[in-house]
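Trainee: Contents are mmCIF, C-alpha atoms; file name target16.cif:
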data_model
loop_
_atom_site.label_atom_id
_atom_site.label_comp_id
_atom_site.auth_asym_id
_atom_site.auth_seq_id
_atom_site.Cartn_x
_atom_site.Cartn_y
_atom_site.Cartn_z
CA MET V 1 -131.46 -90.21 -98.63
CA SER V 2 -134.09 -88.10 -100.28
CA ALA V 3 -133.87 -87.55 -104.03
CA LYS V 4 -133.37 -83.87 -103.43
CA ASN V 5 -130.45 -84.36 -101.04
CA ASN V 6 -128.99 -87.02 -103.25
CA LEU V 7 -129.03 -84.65 -106.20
CA LYS V 8 -127.56 -81.87 -104.07
CA ASP V 9 -124.70 -84.10 -103.00
CA ARG V 10 -123.95 -84.90 -106.62
CA ILE V 11 -123.78 -81.22 -107.47
CA LYS V 12 -121.97 -80.08 -104.38
CA LYS V 13 -119.53 -82.16 -102.37
CA PRO V 14 -121.03 -82.65 -98.89
CA ASN V 15 -119.23 -81.03 -95.97
CA ALA V 16 -118.77 -82.75 -92.62
CA THR V 17 -122.19 -81.69 -91.37
CA GLN V 18 -123.95 -82.95 -94.47
CA ALA V 19 -121.95 -86.17 -94.35
CA PHE V 20 -123.05 -86.62 -90.73
CA PHE V 21 -126.72 -86.22 -91.60
CA ASN V 22 -126.35 -88.37 -94.69
CA SER V 23 -124.94 -91.16 -92.57
CA TYR V 24 -128.27 -91.34 -90.78
CA GLU V 25 -130.17 -91.54 -94.02
CA THR V 26 -128.48 -94.77 -95.04
CA ASN V 27 -129.58 -96.68 -91.97
CA THR V 28 -131.62 -99.14 -93.99
CA ASP V 29 -128.45 -100.44 -95.56
CA ASP V 30 -126.72 -100.39 -92.22
CA ASP V 31 -129.49 -102.43 -90.65
CA SER V 32 -129.12 -105.15 -93.24
CA ASN V 33 -125.39 -105.06 -92.65
CA ILE V 34 -125.97 -105.62 -88.95
CA GLU V 35 -127.91 -108.78 -89.74
CA LYS V 36 -125.22 -109.83 -92.20
CA ASN V 37 -122.51 -109.21 -89.62
CA LYS V 38 -124.46 -111.16 -87.01
CA ASN V 39 -124.63 -114.13 -89.35
CA GLU V 40 -120.94 -113.85 -90.04
CA ASP V 41 -120.25 -113.71 -86.32
CA ILE V 42 -122.22 -116.90 -85.79
CA ALA V 43 -120.29 -118.59 -88.56
CA ASN V 44 -117.02 -117.39 -87.10
CA ASP V 45 -117.95 -118.61 -83.64
CA ALA V 46 -118.62 -122.00 -85.14
CA ASN V 47 -115.18 -121.92 -86.71
CA LYS V 48 -113.66 -121.11 -83.36
CA LYS V 49 -114.99 -124.35 -81.94
CA VAL V 50 -112.78 -126.16 -84.40
CA ASN V 51 -115.41 -128.66 -85.43
CA ASN V 52 -113.86 -129.28 -88.79
CA ASN V 53 -113.51 -132.96 -89.50
CA LYS V 54 -112.18 -132.53 -92.97
CA ALA V 55 -108.95 -134.43 -93.50
CA GLU V 56 -106.97 -134.42 -96.69
CA ASN V 57 -103.37 -133.93 -97.62
CA ASP V 58 -104.16 -130.45 -98.73
CA ILE V 59 -106.33 -128.47 -96.36
CA GLU V 60 -108.25 -125.38 -97.18
CA LEU V 61 -108.13 -122.89 -94.39
CA LYS V 62 -110.17 -119.75 -94.45
CA ASN V 63 -109.27 -117.14 -91.93
CA VAL V 64 -111.02 -113.84 -91.72
CA ASN V 65 -112.23 -113.82 -88.18
CA ASN V 66 -112.46 -110.31 -86.86
CA ASN V 67 -114.04 -111.52 -83.66
CA ILE V 68 -111.02 -113.53 -82.71
CA GLU V 69 -108.87 -110.49 -83.32
CA LYS V 70 -111.12 -108.32 -81.18
CA THR V 71 -111.12 -110.83 -78.34
CA ASN V 72 -107.40 -111.16 -78.49
CA ALA V 73 -106.94 -107.40 -78.50
CA ILE V 74 -108.27 -107.31 -74.95
CA ASN V 75 -105.67 -109.75 -73.76
CA ASN V 76 -102.61 -107.74 -72.80
CA ASP V 77 -100.61 -110.84 -71.95
CA LYS V 78 -100.35 -111.79 -75.58
CA THR V 79 -97.92 -110.75 -78.26
CA TYR V 80 -99.52 -109.44 -81.40
CA VAL V 81 -97.96 -111.19 -84.33
CA ASN V 82 -99.53 -109.94 -87.50
CA ASP V 83 -102.24 -107.52 -88.51
CA ASN V 84 -102.92 -108.79 -91.99
CA ASN V 85 -105.99 -110.81 -92.82
CA VAL V 86 -106.13 -112.33 -96.25
CA VAL V 87 -108.51 -114.95 -97.49
CA ASN V 88 -106.57 -117.55 -99.38
CA ILE V 89 -106.32 -121.22 -100.15
CA ILE V 90 -103.16 -122.83 -98.91
CA ASP V 91 -101.25 -125.92 -99.64
CA VAL V 92 -99.54 -127.56 -96.69
CA ASP V 93 -97.40 -130.65 -96.61
CA HIS V 94 -97.09 -131.14 -92.92
CA VAL V 95 -94.89 -134.19 -93.15
CA GLU V 96 -92.26 -132.25 -95.02
CA ASP V 97 -92.63 -129.36 -92.58
CA ASP V 98 -92.21 -131.74 -89.67
CA GLU V 99 -88.97 -133.11 -91.00
CA TYR V 100 -87.74 -129.70 -91.96
CA LEU V 101 -88.50 -128.20 -88.58
CA ARG V 102 -87.06 -131.16 -86.73
CA GLU V 103 -83.78 -130.57 -88.50
CA LEU V 104 -84.01 -126.87 -87.86
CA ALA V 105 -84.77 -127.29 -84.16
CA THR V 106 -81.96 -129.78 -83.62
CA GLY V 107 -79.44 -127.57 -85.34
CA LYS V 108 -79.07 -129.61 -88.53
CA LYS V 109 -78.99 -127.93 -91.89
CA PRO V 110 -82.50 -128.32 -93.24
CA ILE V 111 -83.50 -129.12 -96.78
CA LYS V 112 -85.25 -126.09 -98.19
CA LYS V 113 -88.98 -126.47 -98.66
CA LYS V 114 -91.46 -123.92 -99.85
CA ASN V 115 -95.22 -124.07 -99.28
CA LYS V 116 -97.99 -121.59 -99.80
CA LYS V 117 -99.15 -119.85 -96.65
CA VAL V 118 -101.87 -117.44 -95.69
CA PHE V 119 -101.32 -114.30 -93.69
CA THR V 120 -103.42 -114.16 -90.53
CA SER V 121 -103.32 -112.54 -87.11
CA PHE V 122 -103.21 -113.81 -83.59
CA TYR V 123 -101.63 -113.16 -80.20
CA MET V 124 -99.00 -115.40 -78.69
CA ASP V 125 -97.99 -115.96 -75.11
CA PRO V 126 -94.78 -113.97 -74.61
CA ASP V 127 -92.67 -116.99 -73.60
CA LEU V 128 -93.79 -118.90 -76.69
CA ALA V 129 -93.13 -115.89 -78.89
CA VAL V 130 -89.54 -115.71 -77.59
CA ILE V 131 -88.73 -119.37 -78.21
CA VAL V 132 -90.44 -119.42 -81.57
CA ASP V 133 -88.46 -116.36 -82.63
CA LYS V 134 -85.24 -118.01 -81.47
CA ILE V 135 -85.95 -121.16 -83.44
CA ALA V 136 -87.05 -119.22 -86.50
CA ALA V 137 -83.91 -117.07 -86.34
CA ARG V 138 -81.84 -120.16 -87.10
CA GLY V 139 -83.78 -120.79 -90.27
CA GLU V 140 -85.11 -118.75 -93.09
CA LYS V 141 -88.08 -116.57 -93.83
CA GLY V 142 -91.31 -118.52 -93.34
CA ASP V 143 -89.92 -120.97 -90.83
CA LYS V 144 -91.84 -119.38 -87.99
CA SER V 145 -95.10 -119.92 -89.84
CA LYS V 146 -94.20 -123.52 -90.52
CA LEU V 147 -93.54 -124.14 -86.86
CA ILE V 148 -96.83 -122.54 -85.79
CA ASN V 149 -98.74 -124.48 -88.43
CA LEU V 150 -97.19 -127.73 -87.34
CA GLY V 151 -97.98 -127.05 -83.71
CA ILE V 152 -101.61 -126.22 -84.41
CA ARG V 153 -101.92 -129.13 -86.80
CA LYS V 154 -100.72 -131.58 -84.19
CA LEU V 155 -103.06 -130.11 -81.60
CA LEU V 156 -106.05 -130.30 -83.94
CA GLU V 157 -105.15 -133.88 -84.84
CA GLU V 158 -105.07 -134.69 -81.15
CA TYR V 159 -108.46 -133.05 -80.65
CA GLY V 160 -109.82 -135.02 -83.57
CA ALA V 161 -110.69 -131.82 -85.40
CA ILE V 162 -108.68 -132.97 -88.40
CA GLU V 163 -107.60 -136.41 -89.43
CA LYS V 164 -104.12 -137.65 -88.69
CA LYS V 165 -101.87 -138.35 -91.58
CA MET J 1 -148.71 -74.94 -73.36
CA THR J 2 -145.72 -76.60 -74.91
CA ALA J 3 -142.11 -75.95 -74.00
CA LYS J 4 -139.85 -73.75 -76.06
CA ILE J 5 -136.56 -75.49 -76.69
CA VAL J 6 -133.33 -73.50 -76.51
CA THR J 7 -130.08 -75.29 -77.32
CA PHE J 8 -126.73 -73.70 -76.44
CA GLY J 9 -123.89 -74.73 -78.69
CA ILE J 10 -120.73 -74.00 -80.65
CA SER J 11 -118.10 -76.33 -82.08
CA LYS J 12 -115.44 -75.01 -79.73
CA GLY J 13 -114.90 -75.73 -76.04
CA GLY J 14 -114.70 -73.14 -73.30
CA CYS J 15 -117.25 -70.69 -74.70
CA SER J 16 -119.49 -70.78 -71.58
CA LYS J 17 -122.12 -73.15 -72.98
CA SER J 18 -122.66 -74.96 -69.68
CA THR J 19 -122.47 -71.85 -67.52
CA SER J 20 -124.80 -69.91 -69.81
CA SER J 21 -127.32 -72.72 -70.15
CA GLY J 22 -127.24 -73.29 -66.39
CA ILE J 23 -127.70 -69.66 -65.47
CA THR J 24 -130.37 -69.20 -68.13
CA SER J 25 -132.24 -72.20 -66.72
CA TYR J 26 -131.96 -70.78 -63.23
CA LEU J 27 -133.17 -67.31 -64.22
CA LEU J 28 -136.06 -68.60 -66.33
CA SER J 29 -137.17 -70.85 -63.49
CA LYS J 30 -137.84 -67.81 -61.30
CA ASP J 31 -141.21 -67.43 -63.00
CA GLU J 32 -141.62 -70.39 -65.35
CA ARG J 33 -141.18 -74.14 -65.42
CA VAL J 34 -137.83 -75.19 -66.83
CA LEU J 35 -136.29 -78.51 -67.77
CA ALA J 36 -132.52 -78.33 -68.22
CA ILE J 37 -130.93 -81.14 -70.20
CA ASP J 38 -127.24 -81.92 -70.15
CA MET J 39 -126.16 -83.41 -73.48
CA ASP J 40 -122.45 -83.13 -72.73
CA GLY J 41 -120.80 -86.20 -71.25
CA GLN J 42 -118.48 -83.96 -69.24
CA GLY J 43 -121.56 -83.30 -67.13
CA ASN J 44 -120.64 -79.72 -66.28
CA LEU J 45 -124.23 -78.50 -66.41
CA THR J 46 -125.18 -81.45 -64.22
CA SER J 47 -122.51 -80.52 -61.67
CA PHE J 48 -123.35 -76.83 -61.94
CA LEU J 49 -127.01 -77.32 -61.08
CA THR J 50 -126.70 -80.19 -58.62
CA GLY J 51 -123.37 -79.46 -56.93
CA GLU J 52 -122.44 -83.10 -57.54
CA TYR J 53 -119.09 -83.79 -59.17
CA ASP J 54 -118.97 -87.58 -58.83
CA ILE J 55 -121.46 -87.77 -61.66
CA CYS J 56 -120.65 -91.29 -62.83
CA THR J 57 -121.56 -92.73 -59.44
CA VAL J 58 -124.36 -90.42 -58.34
CA PHE J 59 -126.20 -90.49 -61.66
CA GLU J 60 -125.30 -94.00 -62.71
CA GLU J 61 -127.86 -95.18 -65.28
CA ARG J 62 -130.08 -92.20 -64.46
CA THR J 63 -129.09 -89.86 -67.27
CA ILE J 64 -130.14 -88.50 -70.61
CA LEU J 65 -128.45 -91.52 -72.21
CA GLU J 66 -130.99 -93.90 -70.69
CA ALA J 67 -133.82 -91.45 -71.40
CA ILE J 68 -132.99 -91.44 -75.10
CA ILE J 69 -132.36 -95.15 -75.41
CA ASN J 70 -135.56 -96.02 -73.52
CA GLY J 71 -137.56 -93.38 -75.40
CA ASP J 72 -139.01 -91.75 -72.27
CA ALA J 73 -137.43 -88.92 -70.30
CA ARG J 74 -139.79 -89.07 -67.31
CA PRO J 75 -137.92 -91.54 -65.08
CA TYR J 76 -134.68 -89.60 -65.45
CA ILE J 77 -135.84 -86.13 -64.43
CA ILE J 78 -134.48 -84.86 -61.13
CA LYS J 79 -135.77 -81.84 -59.25
CA ILE J 80 -133.39 -78.95 -58.63
CA ASN J 81 -135.89 -76.48 -57.19
CA LYS J 82 -139.58 -75.71 -57.38
CA ASN J 83 -139.60 -74.78 -61.06
CA LEU J 84 -136.32 -76.23 -62.26
CA ASP J 85 -135.75 -79.85 -63.26
CA LEU J 86 -132.73 -81.51 -64.80
CA ILE J 87 -131.92 -84.56 -66.84
CA PRO J 88 -128.27 -85.15 -65.99
CA ALA J 89 -125.42 -86.57 -68.02
CA ASN J 90 -122.20 -88.33 -67.21
CA ASP J 91 -119.27 -89.79 -69.10
CA PHE J 92 -121.28 -92.78 -70.27
CA LEU J 93 -122.99 -90.47 -72.72
CA ALA J 94 -119.98 -91.21 -74.92
CA THR J 95 -121.69 -94.51 -75.73
CA LEU J 96 -124.75 -92.77 -77.16
CA PRO J 97 -123.84 -93.08 -80.87
CA ARG J 98 -123.15 -96.80 -80.52
CA LYS J 99 -126.34 -97.40 -78.56
CA MET J 100 -128.38 -95.39 -81.03
CA PHE J 101 -126.99 -97.51 -83.81
CA GLU J 102 -127.74 -100.73 -81.95
CA ASN J 103 -131.28 -99.58 -81.19
CA HIS J 104 -131.90 -98.26 -84.70
CA LEU J 105 -132.57 -94.78 -83.35
CA LYS J 106 -132.36 -91.73 -85.53
CA LEU J 107 -131.60 -88.10 -84.84
CA ASP J 108 -135.14 -87.42 -83.66
CA ALA J 109 -134.56 -89.76 -80.71
CA LEU J 110 -134.61 -86.98 -78.12
CA GLN J 111 -137.93 -85.76 -79.42
CA SER J 112 -139.50 -89.15 -78.77
CA ALA J 113 -138.05 -89.18 -75.26
CA LEU J 114 -139.31 -85.67 -74.49
CA GLU J 115 -142.79 -85.99 -75.95
CA PRO J 116 -144.37 -87.18 -72.66
CA VAL J 117 -143.09 -84.07 -70.84
CA MET J 118 -143.29 -81.36 -73.47
CA ASP J 119 -146.44 -79.93 -71.92
CA ASP J 120 -145.01 -79.96 -68.40
CA TYR J 121 -142.58 -77.13 -69.02
CA ASP J 122 -142.38 -73.63 -70.45
CA TRP J 123 -138.74 -74.02 -71.40
CA ILE J 124 -136.37 -76.82 -72.22
CA ILE J 125 -132.78 -75.59 -72.04
CA ILE J 126 -130.14 -77.88 -73.52
CA ASP J 127 -126.37 -77.81 -73.13
CA THR J 128 -124.33 -79.49 -75.87
CA PRO J 129 -120.72 -80.58 -76.32
CA PRO J 130 -118.35 -78.68 -78.62
CA ALA J 131 -118.44 -81.13 -81.51
CA LEU J 132 -120.39 -82.30 -84.50
CA SER J 133 -121.91 -85.38 -82.93
CA GLU J 134 -125.20 -87.02 -81.98
CA GLN J 135 -125.11 -85.20 -78.65
CA THR J 136 -125.13 -81.88 -80.49
CA VAL J 137 -127.39 -82.72 -83.39
CA ILE J 138 -130.28 -84.48 -81.68
CA PRO J 139 -131.22 -81.48 -79.48
CA LEU J 140 -131.27 -79.30 -82.58
CA SER J 141 -133.36 -81.94 -84.33
CA THR J 142 -135.98 -81.85 -81.57
CA TYR J 143 -139.17 -80.15 -82.66
CA SER J 144 -141.53 -78.22 -80.46
CA GLU J 145 -144.81 -76.61 -81.39
CA ALA J 146 -143.78 -73.62 -79.31
CA GLY J 147 -140.52 -73.27 -81.19
CA SER J 148 -137.01 -74.62 -81.14
CA TYR J 149 -134.04 -72.26 -80.99
CA ALA J 150 -130.27 -72.30 -80.94
CA VAL J 151 -128.00 -69.90 -79.09
CA VAL J 152 -124.54 -69.81 -80.63
CA MET J 153 -121.86 -69.15 -78.04
CA PHE J 154 -118.79 -67.09 -78.95
CA ASP J 155 -115.78 -66.34 -76.75
CA GLY J 156 -114.13 -63.76 -79.01
CA SER J 157 -111.33 -66.05 -80.15
CA MET J 158 -110.30 -66.93 -83.69
CA PHE J 159 -111.07 -70.58 -83.03
CA ALA J 160 -114.61 -69.70 -82.06
CA TYR J 161 -114.95 -67.29 -84.96
CA TYR J 162 -114.30 -70.14 -87.38
CA ALA J 163 -116.54 -72.46 -85.37
CA ILE J 164 -119.57 -70.21 -85.85
CA PRO J 165 -120.26 -71.10 -89.51
CA LYS J 166 -119.75 -74.77 -88.70
CA PHE J 167 -122.36 -74.63 -85.97
CA LEU J 168 -124.72 -72.67 -88.22
CA GLU J 169 -124.31 -75.47 -90.78
CA ILE J 170 -125.37 -78.00 -88.14
CA ILE J 171 -128.41 -75.85 -87.36
CA GLU J 172 -129.24 -75.66 -91.04
CA GLY J 173 -128.84 -79.42 -91.46
CA ALA J 174 -131.12 -80.17 -88.50
CA LYS J 175 -133.65 -77.64 -89.73
CA GLU J 176 -133.70 -79.05 -93.23
CA ARG J 177 -134.03 -82.67 -92.26
CA TYR J 178 -135.69 -82.96 -88.87
CA ASN J 179 -136.81 -79.70 -87.36
CA PRO J 180 -138.23 -77.21 -89.90
CA THR J 181 -139.12 -74.68 -87.22
CA LEU J 182 -135.61 -74.51 -85.78
CA GLU J 183 -134.28 -70.95 -85.64
CA THR J 184 -131.07 -69.32 -84.55
CA ALA J 185 -131.94 -67.10 -81.60
CA GLY J 186 -128.62 -65.36 -81.82
CA ILE J 187 -124.89 -65.31 -81.19
CA LEU J 188 -123.99 -64.66 -77.57
CA PHE J 189 -120.60 -63.15 -76.84
CA SER J 190 -118.99 -64.45 -73.67
CA LEU J 191 -115.66 -62.70 -73.65
CA ILE J 192 -112.74 -64.29 -71.85
CA ASP J 193 -110.96 -60.95 -71.52
CA ALA J 194 -113.26 -57.98 -71.88
CA ARG J 195 -110.25 -55.66 -72.38
CA ALA J 196 -108.63 -57.58 -75.22
CA LYS J 197 -107.90 -55.25 -78.11
CA GLU J 198 -109.24 -57.65 -80.73
CA ASN J 199 -112.72 -57.75 -79.18
CA GLU J 200 -113.95 -54.75 -81.09
CA VAL J 201 -112.74 -56.20 -84.39
CA MET J 202 -114.39 -59.50 -83.60
CA ILE J 203 -117.68 -57.81 -82.78
CA GLU J 204 -117.58 -55.92 -86.07
CA ALA J 205 -116.66 -59.06 -88.00
CA VAL J 206 -119.52 -61.07 -86.49
CA GLU J 207 -122.00 -58.24 -87.07
CA GLU J 208 -120.91 -58.01 -90.70
CA ASP J 209 -120.96 -61.76 -91.30
CA TYR J 210 -124.20 -62.46 -89.45
CA PRO J 211 -126.40 -59.36 -89.49
CA ASN J 212 -128.82 -59.05 -86.57
CA LEU J 213 -127.70 -62.32 -85.03
CA LYS J 214 -125.46 -60.96 -82.26
CA PHE J 215 -127.22 -60.47 -78.94
CA ASP J 216 -126.94 -56.90 -77.71
CA THR J 217 -125.91 -58.25 -74.34
CA ILE J 218 -122.27 -59.21 -74.09
CA ILE J 219 -121.23 -61.48 -71.25
CA LYS J 220 -118.02 -60.33 -69.65
CA ARG J 221 -116.62 -63.18 -67.65
CA LYS J 222 -116.33 -62.55 -63.95
CA ALA J 223 -114.81 -64.42 -61.07
CA SER J 224 -118.11 -64.26 -59.19
CA THR J 225 -119.84 -66.04 -62.09
CA ARG J 226 -117.15 -68.71 -62.13
CA ARG J 227 -117.57 -69.17 -58.37
CA LEU J 228 -121.22 -70.11 -58.85
CA ALA J 229 -119.95 -73.63 -59.53
CA ILE J 230 -118.51 -73.61 -56.00
CA GLU J 231 -120.98 -71.51 -54.06
CA GLY J 232 -124.19 -72.43 -55.87
CA PHE J 233 -127.16 -70.12 -56.30
CA ASP J 234 -128.95 -70.38 -52.98
CA GLY J 235 -127.61 -68.14 -50.25
CA ASN J 236 -124.84 -66.86 -52.48
CA SER J 237 -123.98 -63.35 -51.29
CA GLU J 238 -122.47 -62.36 -54.65
CA LEU J 239 -125.28 -63.79 -56.75
CA ARG J 240 -126.43 -60.40 -58.02
CA ASN J 241 -122.93 -59.62 -59.21
CA ALA J 242 -122.47 -63.06 -60.74
CA LEU J 243 -125.64 -62.79 -62.80
CA GLU J 244 -125.13 -59.17 -63.84
CA TYR J 245 -124.82 -59.83 -67.57
CA TYR J 246 -127.12 -62.81 -67.70
CA VAL J 247 -130.21 -61.01 -66.48
CA PRO J 248 -130.34 -58.74 -69.56
CA PHE J 249 -129.38 -61.67 -71.79
CA VAL J 250 -132.32 -63.77 -70.61
CA LYS J 251 -134.62 -60.80 -71.08
CA GLU J 252 -133.33 -60.37 -74.62
CA LEU J 253 -133.58 -64.11 -75.32
CA LYS J 254 -137.21 -64.19 -74.23
CA LYS J 255 -137.97 -61.25 -76.46
CA ARG J 256 -136.25 -62.82 -79.44
CA VAL J 257 -137.87 -66.23 -79.21
CA SER J 258 -141.33 -64.78 -78.77
CA GLN J 259 -141.06 -63.06 -82.13
CA LYS J 260 -142.83 -64.80 -84.96
CA GLN J 261 -139.74 -64.57 -87.13
CA PRO J 262 -136.71 -64.59 -84.87
CA GLN J 263 -133.41 -62.99 -85.69
CA GLY J 264 -131.03 -64.10 -88.36
CA SER J 265 -131.12 -65.63 -91.77
CA ASN J 266 -132.53 -69.04 -90.84
#
I'd like the structure from this file rewritten - as structure tokens, please.

Mentor:
Amino acid sequence: MSAKNNLKDRIKKPNATQAFFNSYETNTDDDSNIEKNKNEDIANDANKKVNNNKAENDIELKNVNNNIEKTNAINNDKTYVNDNNVVNIIDVDHVEDDEYLRELATGKKPIKKKNKKVFTSFYMDPDLAVIVDKIAARGEKGDKSKLINLGIRKLLEEYGAIEKK
Amino acid sequence: MTAKIVTFGISKGGCSKSTSSGITSYLLSKDERVLAIDMDGQGNLTSFLTGEYDICTVFEERTILEAIINGDARPYIIKINKNLDLIPANDFLATLPRKMFENHLKLDALQSALEPVMDDYDWIIIDTPPALSEQTVIPLSTYSEAGSYAVVMFDGSMFAYYAIPKFLEIIEGAKERYNPTLETAGILFSLIDARAKENEVMIEAVEEDYPNLKFDTIIKRKASTRRLAIEGFDGNSELRNALEYYVPFVKELKKRVSQKQPQGSN
């Protein structure tokens, strides 16, 4: 934006027309953002391949993958679960979750456990969503997340993406 | 000789932008070389001049969208008659903003595309959509040595009355940033109902608000004009009747844009 227009905008709040033209005068920043976004996309694609060999009791999961969300949005056969994306570090004791969920699934009264979780978003197959909801309804708040985490954890262990405990 | 550019616009639909730009193109092409450009994804000007309504199929990837993105209008010009050419549009023009962003194009993108053909025509007549968007702004941002003008359409309604200053703001913005020679040729009344009692008040209001901008000619909408989209121009037995108000308008337009300092405050 020219110095003159910049000064004018500071004096007088731009209307829609001025805002439109101004948006084209900030293209330099936008261009760099495109490159930045491209790099982020590449990094996210790499994450999608699940090539993470890190294995510890406590796993750090970072999940801010807009691309996954966009791809999933096209799939009408899926059930949208959550629209919140928050970067966080979580603490998961999958052994405890396993025992807890086993008790929950078999109708036994589970021992209450509480772990930190991170909000994320994904689409589920409708049949899975129904059964997961049914199971979670028997338990308490957060049980659905525990079940999903356990399922994914087991799958990733099987794939060798994370180390088995 | 370089083409004069005339862009028809207003930020309200149904004000006869496509009909007026189409008929103006047709009338000008009687004696001069005209390139009509459809910048509205609805493609009404395209259908009006070609008689084609399946525009997405017939003009697939042969539209103003591709001309702008590829930076050269020449491969996308189609001949309507001896002196009249058209660059069509279809619904895919909706992707223009995204494609401009991807290709790092700015609001002078149409100028780059038209540069190779600017000397081939006497007039470039452009139809725009009723919105503040790239499709509206880039024609206004297109410079010509011979002059670049905007015709503001007005249908006599309150909605259009309040759309006039918005469109004049767009003209001012384009003039200030991209096209310093851009001028407002005038405000053209195209009345939906010529007998409506508020017409007189509207005419007075516009004349007070925008002195000298209103064209003397007032288009009164007629069924025969509307039927041009069905019957076409060639061999149309009611053509004279259909063009009754447009003939004096085009005469007035030519007079206005040949003045060194056209009408209005711009």

Trainee: Under the PyMOL selection byres ((chain V) within 7 of (chain J)), which residues of this model are included? Write them out as number ranges by chain.

Mentor: V: 17-18, 24

Trainee: Evaluate the PyMOL selection byres ((chain J and resi 119-121) around 9) on the structure here and hand back the selected residues as a list in words.

Mentor: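 Selected by the PyMOL selection byres ((chain J and resi 119-121) around 9) in this file: Met1, Thr2, Ala3, Lys4, Glu32, Arg33, Val34, Leu35, Asn83, Glu115, Pro116, Val117, Met118, Asp122, Trp123 and Ile124 of chain J.
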
Trainee: Starting from the displayed file, determine the output of the PyMOL selection byres ((chain J and resi 5) around 12) and express the residue list as a PDB file with C-alpha atoms, keeping the file's coordinate frame.

Mentor:
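Saved to part25.pdb:
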ATOM      1  CA  THR J   2    -145.720 -76.600 -74.910  1.00  0.00           C
ATOM      2  CA  ALA J   3    -142.110 -75.950 -74.000  1.00  0.00           C
ATOM      3  CA  LYS J   4    -139.850 -73.750 -76.060  1.00  0.00           C
ATOM      4  CA  VAL J   6    -133.330 -73.500 -76.510  1.00  0.00           C
ATOM      5  CA  THR J   7    -130.080 -75.290 -77.320  1.00  0.00           C
ATOM      6  CA  PHE J   8    -126.730 -73.700 -76.440  1.00  0.00           C
ATOM      7  CA  SER J  21    -127.320 -72.720 -70.150  1.00  0.00           C
ATOM      8  CA  SER J  25    -132.240 -72.200 -66.720  1.00  0.00           C
ATOM      9  CA  VAL J  34    -137.830 -75.190 -66.830  1.00  0.00           C
ATOM     10  CA  LEU J  35    -136.290 -78.510 -67.770  1.00  0.00           C
ATOM     11  CA  ALA J  36    -132.520 -78.330 -68.220  1.00  0.00           C
ATOM     12  CA  ILE J  37    -130.930 -81.140 -70.200  1.00  0.00           C
ATOM     13  CA  LEU J 110    -134.610 -86.980 -78.120  1.00  0.00           C
ATOM     14  CA  GLN J 111    -137.930 -85.760 -79.420  1.00  0.00           C
ATOM     15  CA  LEU J 114    -139.310 -85.670 -74.490  1.00  0.00           C
ATOM     16  CA  MET J 118    -143.290 -81.360 -73.470  1.00  0.00           C
ATOM     17  CA  ASP J 119    -146.440 -79.930 -71.920  1.00  0.00           C
ATOM     18  CA  TYR J 121    -142.580 -77.130 -69.020  1.00  0.00           C
ATOM     19  CA  ASP J 122    -142.380 -73.630 -70.450  1.00  0.00           C
ATOM     20  CA  TRP J 123    -138.740 -74.020 -71.400  1.00  0.00           C
ATOM     21  CA  ILE J 124    -136.370 -76.820 -72.220  1.00  0.00           C
ATOM     22  CA  ILE J 125    -132.780 -75.590 -72.040  1.00  0.00           C
ATOM     23  CA  ILE J 126    -130.140 -77.880 -73.520  1.00  0.00           C
ATOM     24  CA  ASP J 127    -126.370 -77.810 -73.130  1.00  0.00           C
ATOM     25  CA  PRO J 139    -131.220 -81.480 -79.480  1.00  0.00           C
ATOM     26  CA  LEU J 140    -131.270 -79.300 -82.580  1.00  0.00           C
ATOM     27  CA  SER J 141    -133.360 -81.940 -84.330  1.00  0.00           C
ATOM     28  CA  THR J 142    -135.980 -81.850 -81.570  1.00  0.00           C
ATOM     29  CA  TYR J 143    -139.170 -80.150 -82.660  1.00  0.00           C
ATOM     30  CA  SER J 144    -141.530 -78.220 -80.460  1.00  0.00           C
ATOM     31  CA  GLU J 145    -144.810 -76.610 -81.390  1.00  0.00           C
ATOM     32  CA  ALA J 146    -143.780 -73.620 -79.310  1.00  0.00           C
ATOM     33  CA  GLY J 147    -140.520 -73.270 -81.190  1.00  0.00           C
ATOM     34  CA  SER J 148    -137.010 -74.620 -81.140  1.00  0.00           C
ATOM     35  CA  TYR J 149    -134.040 -72.260 -80.990  1.00  0.00           C
ATOM     36  CA  ALA J 150    -130.270 -72.300 -80.940  1.00  0.00           C
ATOM     37  CA  VAL J 151    -128.000 -69.900 -79.090  1.00  0.00           C
ATOM     38  CA  ASN J 179    -136.810 -79.700 -87.360  1.00  0.00           C
ATOM     39  CA  THR J 181    -139.120 -74.680 -87.220  1.00  0.00           C
ATOM     40  CA  LEU J 182    -135.610 -74.510 -85.780  1.00  0.00           C
ATOM     41  CA  GLU J 183    -134.280 -70.950 -85.640  1.00  0.00           C
ATOM     42  CA  THR J 184    -131.070 -69.320 -84.550  1.00  0.00           C
ATOM     43  CA  ALA J 185    -131.940 -67.100 -81.600  1.00  0.00           C
ATOM     44  CA  LEU J 253    -133.580 -64.110 -75.320  1.00  0.00           C
ATOM     45  CA  LYS J 254    -137.210 -64.190 -74.230  1.00  0.00           C
ATOM     46  CA  VAL J 257    -137.870 -66.230 -79.210  1.00  0.00           C
ATOM     47  CA  SER J 258    -141.330 -64.780 -78.770  1.00  0.00           C
TER      48      SER J 258
END

Trainee: Please tell me which residues are no farther than 10 Å from (-116.7, -73.4, -76.5) in the file, counting only C-alpha atoms, and write them as number ranges by chain.

Mentor: J: 9-18, 128-131, 152-155, 157, 159-160, 163, 190

Trainee: Would you place a box with edges along x, y and z of the file around all atoms of stretch 138-145 of chain V listed there, add 6 Å to each of its six sides, and report the centre and edge lengths in Å to one decimal, as JSON?

Mentor:
{"center_x": -88.5, "center_y": -118.8, "center_z": -90.5, "size_x": 25.3, "size_y": 16.4, "size_z": 18.7}
